[in-house]
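Structure file coords-v2.pdb with PDB, C-alpha atoms:
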MODEL        1
ATOM      1  CA  MET B  19     127.507-172.189 -87.959
ATOM      2  CA  ARG B  20     124.023-170.778 -87.429
ATOM      3  CA  HIS B  21     123.380-167.031 -87.372
ATOM      4  CA  ARG B  22     122.712-167.088 -83.621
ATOM      5  CA  GLU B  23     126.224-168.365 -82.911
ATOM      6  CA  ARG B  24     127.794-166.051 -85.497
ATOM      7  CA  LEU B  25     125.989-163.050 -84.024
ATOM      8  CA  ALA B  26     126.938-164.039 -80.451
ATOM      9  CA  ALA B  27     130.616-164.203 -81.464
ATOM     10  CA  LEU B  28     130.351-160.835 -83.195
ATOM     11  CA  LEU B  29     128.597-159.120 -80.278
ATOM     12  CA  GLY B  30     130.516-160.634 -77.390
ATOM     13  CA  PRO B  31     128.914-161.602 -74.073
ATOM     14  CA  PRO B  32     125.782-159.668 -73.106
ATOM     15  CA  PRO B  33     126.117-157.436 -70.046
ATOM     16  CA  HIS B  34     122.599-158.266 -68.740
ATOM     17  CA  GLU B  35     120.588-161.315 -67.730
ATOM     18  CA  GLY B  36     117.266-162.071 -69.405
ATOM     19  CA  ASN B  37     114.015-160.617 -68.058
ATOM     20  CA  PRO B  38     111.084-162.593 -69.545
ATOM     21  CA  GLN B  39     108.538-160.892 -67.266
ATOM     22  CA  ALA B  40     109.296-157.521 -68.847
ATOM     23  CA  TRP B  41     107.680-158.647 -72.104
ATOM     24  CA  THR B  42     104.389-160.016 -70.732
ATOM     25  CA  SER B  43     102.296-156.845 -70.564
ATOM     26  CA  LEU B  44     103.656-155.407 -73.824
ATOM     27  CA  GLU B  45     102.932-158.612 -75.749
ATOM     28  CA  ARG B  46      99.493-158.916 -74.171
ATOM     29  CA  GLU B  47      98.711-155.319 -75.159
ATOM     30  CA  LEU B  48      99.771-155.929 -78.779
ATOM     31  CA  GLY B  49      98.181-159.366 -78.971
ATOM     32  CA  ALA B  50     101.433-160.732 -80.407
ATOM     33  CA  ALA B  51     104.734-162.094 -79.159
ATOM     34  CA  PHE B  52     107.990-160.487 -80.227
ATOM     35  CA  PRO B  53     110.478-162.835 -81.893
ATOM     36  CA  ASP B  54     112.463-164.846 -79.339
ATOM     37  CA  ASP B  55     115.837-163.945 -80.866
ATOM     38  CA  TYR B  56     114.946-160.237 -80.701
ATOM     39  CA  LYS B  57     113.879-160.523 -77.041
ATOM     40  CA  GLU B  58     117.095-162.355 -76.205
ATOM     41  CA  PHE B  59     119.150-159.556 -77.790
ATOM     42  CA  ILE B  60     117.189-156.764 -76.080
ATOM     43  CA  ASP B  61     117.346-158.480 -72.681
ATOM     44  CA  GLY B  62     121.084-159.016 -73.009
ATOM     45  CA  TYR B  63     122.190-155.684 -74.456
ATOM     46  CA  GLY B  64     119.389-153.105 -74.297
ATOM     47  CA  PRO B  65     118.732-150.294 -74.048
ATOM     48  CA  VAL B  66     121.658-149.516 -76.316
ATOM     49  CA  ARG B  67     122.868-147.852 -79.489
ATOM     50  CA  VAL B  68     124.813-150.152 -81.834
ATOM     51  CA  ASN B  69     127.484-148.905 -84.242
ATOM     52  CA  PHE B  70     126.472-145.298 -83.689
ATOM     53  CA  HIS B  71     123.007-145.449 -85.265
ATOM     54  CA  LEU B  72     120.772-148.440 -84.421
ATOM     55  CA  HIS B  73     118.712-147.646 -81.312
ATOM     56  CA  PHE B  74     117.235-150.430 -79.183
ATOM     57  CA  ASP B  75     114.903-149.776 -76.228
ATOM     58  CA  HIS B  76     113.908-152.251 -73.485
ATOM     59  CA  PRO B  77     110.379-152.954 -72.178
ATOM     60  CA  ALA B  78     111.441-152.624 -68.514
ATOM     61  CA  HIS B  79     113.523-149.448 -68.762
ATOM     62  CA  PRO B  80     111.895-146.304 -67.318
ATOM     63  CA  VAL B  81     113.461-143.865 -69.809
ATOM     64  CA  TRP B  82     114.132-145.956 -72.938
ATOM     65  CA  ASN B  83     110.875-147.878 -72.685
ATOM     66  CA  LEU B  84     110.106-150.103 -75.652
ATOM     67  CA  GLY B  85     106.350-150.154 -74.953
ATOM     68  CA  ARG B  86     106.078-146.359 -75.107
ATOM     69  CA  TRP B  87     108.247-146.224 -78.226
ATOM     70  CA  VAL B  88     106.159-148.930 -79.951
ATOM     71  CA  ALA B  89     102.897-147.124 -79.094
ATOM     72  CA  ASP B  90     104.229-143.764 -80.342
ATOM     73  CA  THR B  91     105.626-145.323 -83.518
ATOM     74  CA  VAL B  92     102.400-147.200 -84.267
ATOM     75  CA  GLN B  93     100.409-144.002 -83.829
ATOM     76  CA  ILE B  94     102.698-142.043 -86.179
ATOM     77  CA  TYR B  95     102.896-144.686 -88.905
ATOM     78  CA  SER B  96      99.146-145.364 -88.772
ATOM     79  CA  THR B  97      98.444-141.806 -89.945
ATOM     80  CA  VAL B  98     100.662-141.931 -93.053
ATOM     81  CA  ASP B  99      99.104-141.958 -96.531
ATOM     82  CA  TRP B 100     101.181-144.706 -98.153
ATOM     83  CA  ASP B 101     102.297-145.087-101.778
ATOM     84  CA  LEU B 102     104.644-148.073-101.681
ATOM     85  CA  SER B 103     106.342-150.309-104.201
ATOM     86  CA  CYS B 104     106.666-153.197-101.683
ATOM     87  CA  PRO B 105     104.609-156.083-103.169
ATOM     88  CA  ASP B 106     103.181-156.932 -99.733
ATOM     89  CA  PHE B 107     101.277-153.640 -99.785
ATOM     90  CA  ALA B 108     100.284-153.433-103.457
ATOM     91  CA  SER B 109      96.572-153.809-102.743
ATOM     92  CA  GLU B 110      96.356-152.533 -99.183
ATOM     93  CA  ASP B 111      98.315-150.045 -97.073
ATOM     94  CA  PRO B 112     100.346-151.495 -94.201
ATOM     95  CA  ARG B 113      98.661-151.623 -90.830
ATOM     96  CA  PHE B 114     100.526-151.303 -87.571
ATOM     97  CA  GLY B 115     100.412-152.554 -84.004
ATOM     98  CA  GLY B 116      98.178-155.640 -83.974
ATOM     99  CA  PRO B 117      98.530-159.415 -84.065
ATOM    100  CA  ASP B 118      98.611-159.612 -87.878
ATOM    101  CA  GLN B 119     100.121-156.164 -88.473
ATOM    102  CA  LEU B 120     103.584-154.616 -88.517
ATOM    103  CA  ILE B 121     105.060-154.117 -85.057
ATOM    104  CA  PRO B 122     108.029-151.769 -84.555
ATOM    105  CA  LEU B 123     111.260-153.287 -83.251
ATOM    106  CA  PHE B 124     113.835-150.472 -83.331
ATOM    107  CA  GLY B 125     114.914-147.416 -85.281
ATOM    108  CA  SER B 126     117.990-145.707 -86.612
ATOM    109  CA  ASP B 127     119.285-142.188 -86.893
ATOM    110  CA  ARG B 128     119.370-142.669 -90.688
ATOM    111  CA  GLY B 129     115.572-142.407 -90.970
ATOM    112  CA  GLU B 130     114.888-146.146 -90.897
ATOM    113  CA  CYS B 131     112.328-147.964 -88.789
ATOM    114  CA  PHE B 132     112.428-151.745 -88.425
ATOM    115  CA  PHE B 133     109.330-153.908 -87.979
ATOM    116  CA  PHE B 134     108.275-157.532 -87.808
ATOM    117  CA  LYS B 135     104.973-159.097 -88.725
ATOM    118  CA  PRO B 136     103.830-161.880 -86.381
ATOM    119  CA  GLY B 137     103.383-165.225 -88.076
ATOM    120  CA  ASP B 138     105.042-168.488 -88.893
ATOM    121  CA  GLU B 139     107.614-167.076 -91.315
ATOM    122  CA  PRO B 140     110.346-164.808 -89.941
ATOM    123  CA  ARG B 141     110.278-161.441 -91.670
ATOM    124  CA  ILE B 142     111.831-158.066 -91.066
ATOM    125  CA  TYR B 143     110.307-155.009 -92.739
ATOM    126  CA  VAL B 144     112.311-151.806 -93.037
ATOM    127  CA  TYR B 145     110.798-148.409 -93.685
ATOM    128  CA  VAL B 146     113.449-146.178 -95.273
ATOM    129  CA  GLY B 147     112.547-142.516 -94.993
ATOM    130  CA  ALA B 148     114.919-141.418 -97.759
ATOM    131  CA  ASP B 149     113.149-143.772-100.188
ATOM    132  CA  ASP B 150     109.704-143.392 -98.583
ATOM    133  CA  ASP B 151     109.297-147.130 -99.061
ATOM    134  CA  ILE B 152     109.231-150.405 -97.149
ATOM    135  CA  TYR B 153     111.533-153.341 -97.898
ATOM    136  CA  ARG B 154     110.957-156.934 -96.786
ATOM    137  CA  TYR B 155     113.634-159.407 -95.676
ATOM    138  CA  ASP B 156     112.609-163.030 -95.185
ATOM    139  CA  VAL B 157     114.966-163.684 -92.291
ATOM    140  CA  GLY B 158     114.784-163.726 -88.520
ATOM    141  CA  PHE B 159     116.235-161.006 -86.308
ATOM    142  CA  ASN B 160     119.553-162.770 -85.588
ATOM    143  CA  GLU B 161     120.267-163.311 -89.275
ATOM    144  CA  TRP B 162     119.148-159.807 -90.199
ATOM    145  CA  LEU B 163     121.331-158.136 -87.533
ATOM    146  CA  TYR B 164     124.352-160.317 -88.312
ATOM    147  CA  ARG B 165     124.151-159.574 -92.030
ATOM    148  CA  TYR B 166     123.553-155.855 -91.381
ATOM    149  CA  LEU B 167     126.587-155.617 -89.098
ATOM    150  CA  GLN B 168     128.666-157.458 -91.698
ATOM    151  CA  GLY B 169     127.889-154.707 -94.218
ATOM    152  CA  GLU B 170     125.166-156.265 -96.370
ATOM    153  CA  ASP B 171     122.362-154.126 -97.810
ATOM    154  CA  MET B 172     119.707-155.001 -95.215
ATOM    155  CA  ALA B 173     117.771-151.715 -95.177
ATOM    156  CA  GLY B 174     116.934-151.228 -98.833
ATOM    157  CA  PRO B 175     119.158-150.865-101.869
ATOM    158  CA  ASN B 176     122.642-149.407-101.285
ATOM    159  CA  SER B 177     122.082-149.338 -97.526
ATOM    160  CA  SER B 178     125.298-150.937 -96.318
ATOM    161  CA  ALA B 179     126.512-149.411 -93.056
ATOM    162  CA  PHE B 180     129.705-151.315 -92.354
ATOM    163  CA  TYR B 181     131.958-150.063 -89.564
ATOM    164  CA  PRO B 182     135.404-151.711 -89.503
ATOM    165  CA  GLY B 183     136.600-153.295 -86.301
ATOM    166  CA  PRO B 184     134.467-154.748 -83.536
ATOM    167  CA  VAL B 185     130.829-153.768 -83.057
ATOM    168  CA  ARG B 186     130.512-150.723 -80.796
ATOM    169  CA  PHE B 187     127.819-150.480 -78.125
ATOM    170  CA  ASP B 188     126.895-147.176 -76.480
ATOM    171  CA  ALA B 189     124.739-147.092 -73.373
ATOM    172  CA  LEU B 190     121.903-144.666 -73.969
ATOM    173  CA  PRO B 191     121.739-141.713 -71.539
ATOM    174  CA  HIS B 192     120.419-142.853 -68.136
ATOM    175  CA  ALA B 193     120.924-146.479 -69.171
ATOM    176  CA  SER B 194     124.465-147.347 -68.102
ATOM    177  CA  GLU B 195     123.322-148.924 -64.794
ATOM    178  CA  GLY B 196     126.793-149.871 -63.613
ATOM    179  CA  ARG B 197     128.177-150.807 -67.028
ATOM    180  CA  PRO B 198     130.563-148.711 -69.109
ATOM    181  CA  GLU B 199     129.253-145.883 -71.255
ATOM    182  CA  PHE B 200     130.526-147.783 -74.298
ATOM    183  CA  TRP B 201     132.075-151.183 -74.996
ATOM    184  CA  PHE B 202     132.997-153.372 -77.934
ATOM    185  CA  GLY B 203     131.896-156.757 -79.197
ATOM    186  CA  GLY B 204     134.151-159.609 -80.234
ATOM    187  CA  PRO B 205     136.705-159.489 -83.033
ATOM    188  CA  ARG B 206     135.520-159.813 -86.631
TER     189      ARG B 206
ENDMDL
END

Show how you would write the structure in this file as structure tokens.
Amino acid sequence: MRHRERLAALLGPPPHEGNPQAWTSLERELGAAFPDDYKEFIDGYGPVRVNFHLHFDHPAHPVWNLGRWVADTVQIYSTVDWDLSCPDFASEDPRFGGPDQLIPLFGSDRGECFFFKPGDEPRIYVYVGADDDIYRYDVGFNEWLYRYLQGEDMAGPNSSAFYPGPVRFDALPHASEGRPEFWFGGPR
């Protein structure tokens, strides 16, 4: 079974329909398209907090707006003086927010920020504040999220964040829009 199907079974049915138009201006502004599997997840579930600490915004939401969050995150990370062990940045500091640069996807309350780099190969980059380093995972979003929710170390060494039972979703404040304040995914 592919990771898309495994993740869908783990998450349960999405409470929202897709909204492809919501991505047009944000992708045009960045000069890069977000990964399709990420957009599908955000359209179906966002804005939402997953398992108490992963925070996902949506490009069409007035409060939890992904475009604003991306712009703010790019501005903050672009001012950092980097000293990284990640081989991708051995000769040059990471750059953020453009078509061949790291683009923020979501964050966590554990001091992690998750990025992708546009290109042919799926890759997720994770900045871990506690380590002050960036880690690279050569997987797409669906595989990364599935493996993370299953308790694998997908945000640096010793980063497992497994919560037993079904995945928990919490609507962010001002984001319930007729759905429950929290709900659960499918059985594990």

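Near range 110-126 of chain B, within 8 Å and counting only C-alpha atoms, sit Leu48, Gly49, Ala50, His71, Leu72, His73, Phe74, Asp75, Val88, Ala89, Thr91, Val92, Tyr95, Ser96, Trp100, Asp101, Cys131, Phe132, Phe133, Phe134, Lys135, Pro136, Gly137 and Tyr143 of chain B; same-chain residues fewer than 5 positions away were not included.
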
| field | Which residue of B:Val157, B:Ala148, B:Ala78, B:Ile94 approaches Thr42 in chain B most closely, using only C-alpha atoms | value | B:Ala78

| request: Could you state which residues are captured by the PyMOL selection byres ((chain B and resi 163-177) around 8) in this file, as a list in words? | output: His21, Arg24, Leu25, Leu28, Glu130, Val144, Tyr145, Val146, Ile152, Tyr153, Tyr155, Phe159, Asn160, Glu161, Trp162, Ser178, Ala179, Phe180, Tyr181 and Val185 of chain B

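The gap separating CA of Pro80 in chain B from CA of Gly158 in chain B is 27.6 Å, in Å to one decimal.
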
| field | Test item: which residues lie within 9 Å of (118.3, -157.6, -76.5) counting all atoms listed in the file, as a VMD selection string | value | chain B and resid 32 34 36 55 to 66 74 to 76

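Going from CA of Leu102 in chain B over to CA of Pro53 in chain B, you cover 25.4 Å.
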
| note | CA of Gly30 in chain B to CA of Gly203 in chain B measures 4.5 Å

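With distances taken over all atoms listed in the file, B:Ser103 is the one residue among B:Pro184, B:Asn37, B:His192, B:Ser103 lying closest to Asp150 in chain B.
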
Would you mind completing range 133-144 of chain B to all heavy atoms and writing the output as a compact mmCIF listing (two decimals), in the frame of the given file?
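Final output, part17.txt:
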# COMPACT_ATOMS: atom_id res chain seq x y z
N PHE B 133 110.55 -153.27 -88.44
CA PHE B 133 109.33 -153.91 -87.98
C PHE B 133 109.42 -155.41 -88.16
O PHE B 133 110.22 -155.91 -88.94
CB PHE B 133 108.13 -153.43 -88.80
CG PHE B 133 107.89 -151.96 -88.77
CD1 PHE B 133 108.53 -151.11 -89.67
CD2 PHE B 133 107.00 -151.40 -87.87
CE1 PHE B 133 108.30 -149.74 -89.66
CE2 PHE B 133 106.75 -150.04 -87.86
CZ PHE B 133 107.41 -149.21 -88.75
N PHE B 134 108.52 -156.13 -87.50
CA PHE B 134 108.28 -157.53 -87.81
C PHE B 134 106.78 -157.70 -87.93
O PHE B 134 105.99 -156.87 -87.46
CB PHE B 134 108.87 -158.48 -86.75
CG PHE B 134 108.00 -158.68 -85.54
CD1 PHE B 134 107.23 -159.83 -85.41
CD2 PHE B 134 107.94 -157.73 -84.53
CE1 PHE B 134 106.42 -160.02 -84.30
CE2 PHE B 134 107.14 -157.92 -83.42
CZ PHE B 134 106.38 -159.07 -83.31
N LYS B 135 106.39 -158.76 -88.62
CA LYS B 135 104.97 -159.10 -88.72
C LYS B 135 104.81 -160.47 -88.10
O LYS B 135 105.43 -161.44 -88.55
CB LYS B 135 104.52 -159.12 -90.18
CG LYS B 135 103.04 -159.33 -90.34
CD LYS B 135 102.61 -159.17 -91.78
CE LYS B 135 101.11 -159.30 -91.90
NZ LYS B 135 100.69 -159.18 -93.29
N PRO B 136 104.00 -160.58 -87.03
CA PRO B 136 103.83 -161.88 -86.38
C PRO B 136 103.33 -162.93 -87.38
O PRO B 136 102.58 -162.62 -88.30
CB PRO B 136 102.77 -161.61 -85.31
CG PRO B 136 102.83 -160.14 -85.08
CD PRO B 136 103.22 -159.54 -86.40
N GLY B 137 103.79 -164.13 -87.20
CA GLY B 137 103.38 -165.22 -88.08
C GLY B 137 104.40 -166.33 -88.04
O GLY B 137 105.38 -166.29 -87.29
N ASP B 138 104.17 -167.32 -88.88
CA ASP B 138 105.04 -168.49 -88.89
C ASP B 138 106.38 -168.22 -89.57
O ASP B 138 107.39 -168.82 -89.22
CB ASP B 138 104.34 -169.66 -89.59
CG ASP B 138 103.11 -170.12 -88.84
OD1 ASP B 138 103.08 -169.92 -87.60
OD2 ASP B 138 102.20 -170.67 -89.47
N GLU B 139 106.39 -167.36 -90.56
CA GLU B 139 107.61 -167.08 -91.32
C GLU B 139 108.33 -165.86 -90.72
O GLU B 139 107.70 -164.82 -90.54
CB GLU B 139 107.28 -166.79 -92.78
CG GLU B 139 106.62 -167.95 -93.49
CD GLU B 139 107.53 -169.17 -93.57
OE1 GLU B 139 108.74 -169.00 -93.79
OE2 GLU B 139 107.01 -170.29 -93.41
N PRO B 140 109.63 -165.99 -90.44
CA PRO B 140 110.35 -164.81 -89.94
C PRO B 140 110.49 -163.77 -91.04
O PRO B 140 110.84 -164.10 -92.18
CB PRO B 140 111.70 -165.37 -89.51
CG PRO B 140 111.86 -166.64 -90.26
CD PRO B 140 110.48 -167.15 -90.56
N ARG B 141 110.17 -162.53 -90.71
CA ARG B 141 110.28 -161.44 -91.67
C ARG B 141 110.62 -160.15 -90.94
O ARG B 141 110.06 -159.85 -89.90
CB ARG B 141 108.96 -161.23 -92.41
CG ARG B 141 108.66 -162.28 -93.40
CD ARG B 141 107.57 -161.86 -94.36
NE ARG B 141 107.41 -162.93 -95.32
CZ ARG B 141 106.29 -163.61 -95.47
NH1 ARG B 141 105.23 -163.29 -94.78
NH2 ARG B 141 106.23 -164.58 -96.36
N ILE B 142 111.51 -159.40 -91.54
CA ILE B 142 111.83 -158.07 -91.07
C ILE B 142 111.43 -157.10 -92.17
O ILE B 142 111.76 -157.30 -93.35
CB ILE B 142 113.35 -157.90 -90.77
CG1 ILE B 142 113.83 -158.92 -89.73
CG2 ILE B 142 113.68 -156.47 -90.37
CD1 ILE B 142 113.36 -158.67 -88.31
N TYR B 143 110.69 -156.07 -91.81
CA TYR B 143 110.31 -155.01 -92.74
C TYR B 143 111.05 -153.74 -92.32
O TYR B 143 111.14 -153.45 -91.13
CB TYR B 143 108.81 -154.74 -92.69
CG TYR B 143 107.97 -155.85 -93.27
CD1 TYR B 143 107.58 -156.94 -92.49
CD2 TYR B 143 107.55 -155.81 -94.59
CE1 TYR B 143 106.80 -157.95 -93.02
CE2 TYR B 143 106.76 -156.82 -95.13
CZ TYR B 143 106.39 -157.89 -94.34
OH TYR B 143 105.62 -158.89 -94.86
N VAL B 144 111.55 -153.02 -93.31
CA VAL B 144 112.31 -151.81 -93.04
C VAL B 144 111.68 -150.65 -93.80
O VAL B 144 111.59 -150.69 -95.03
CB VAL B 144 113.79 -151.95 -93.47
CG1 VAL B 144 114.57 -150.71 -93.08
CG2 VAL B 144 114.42 -153.20 -92.88
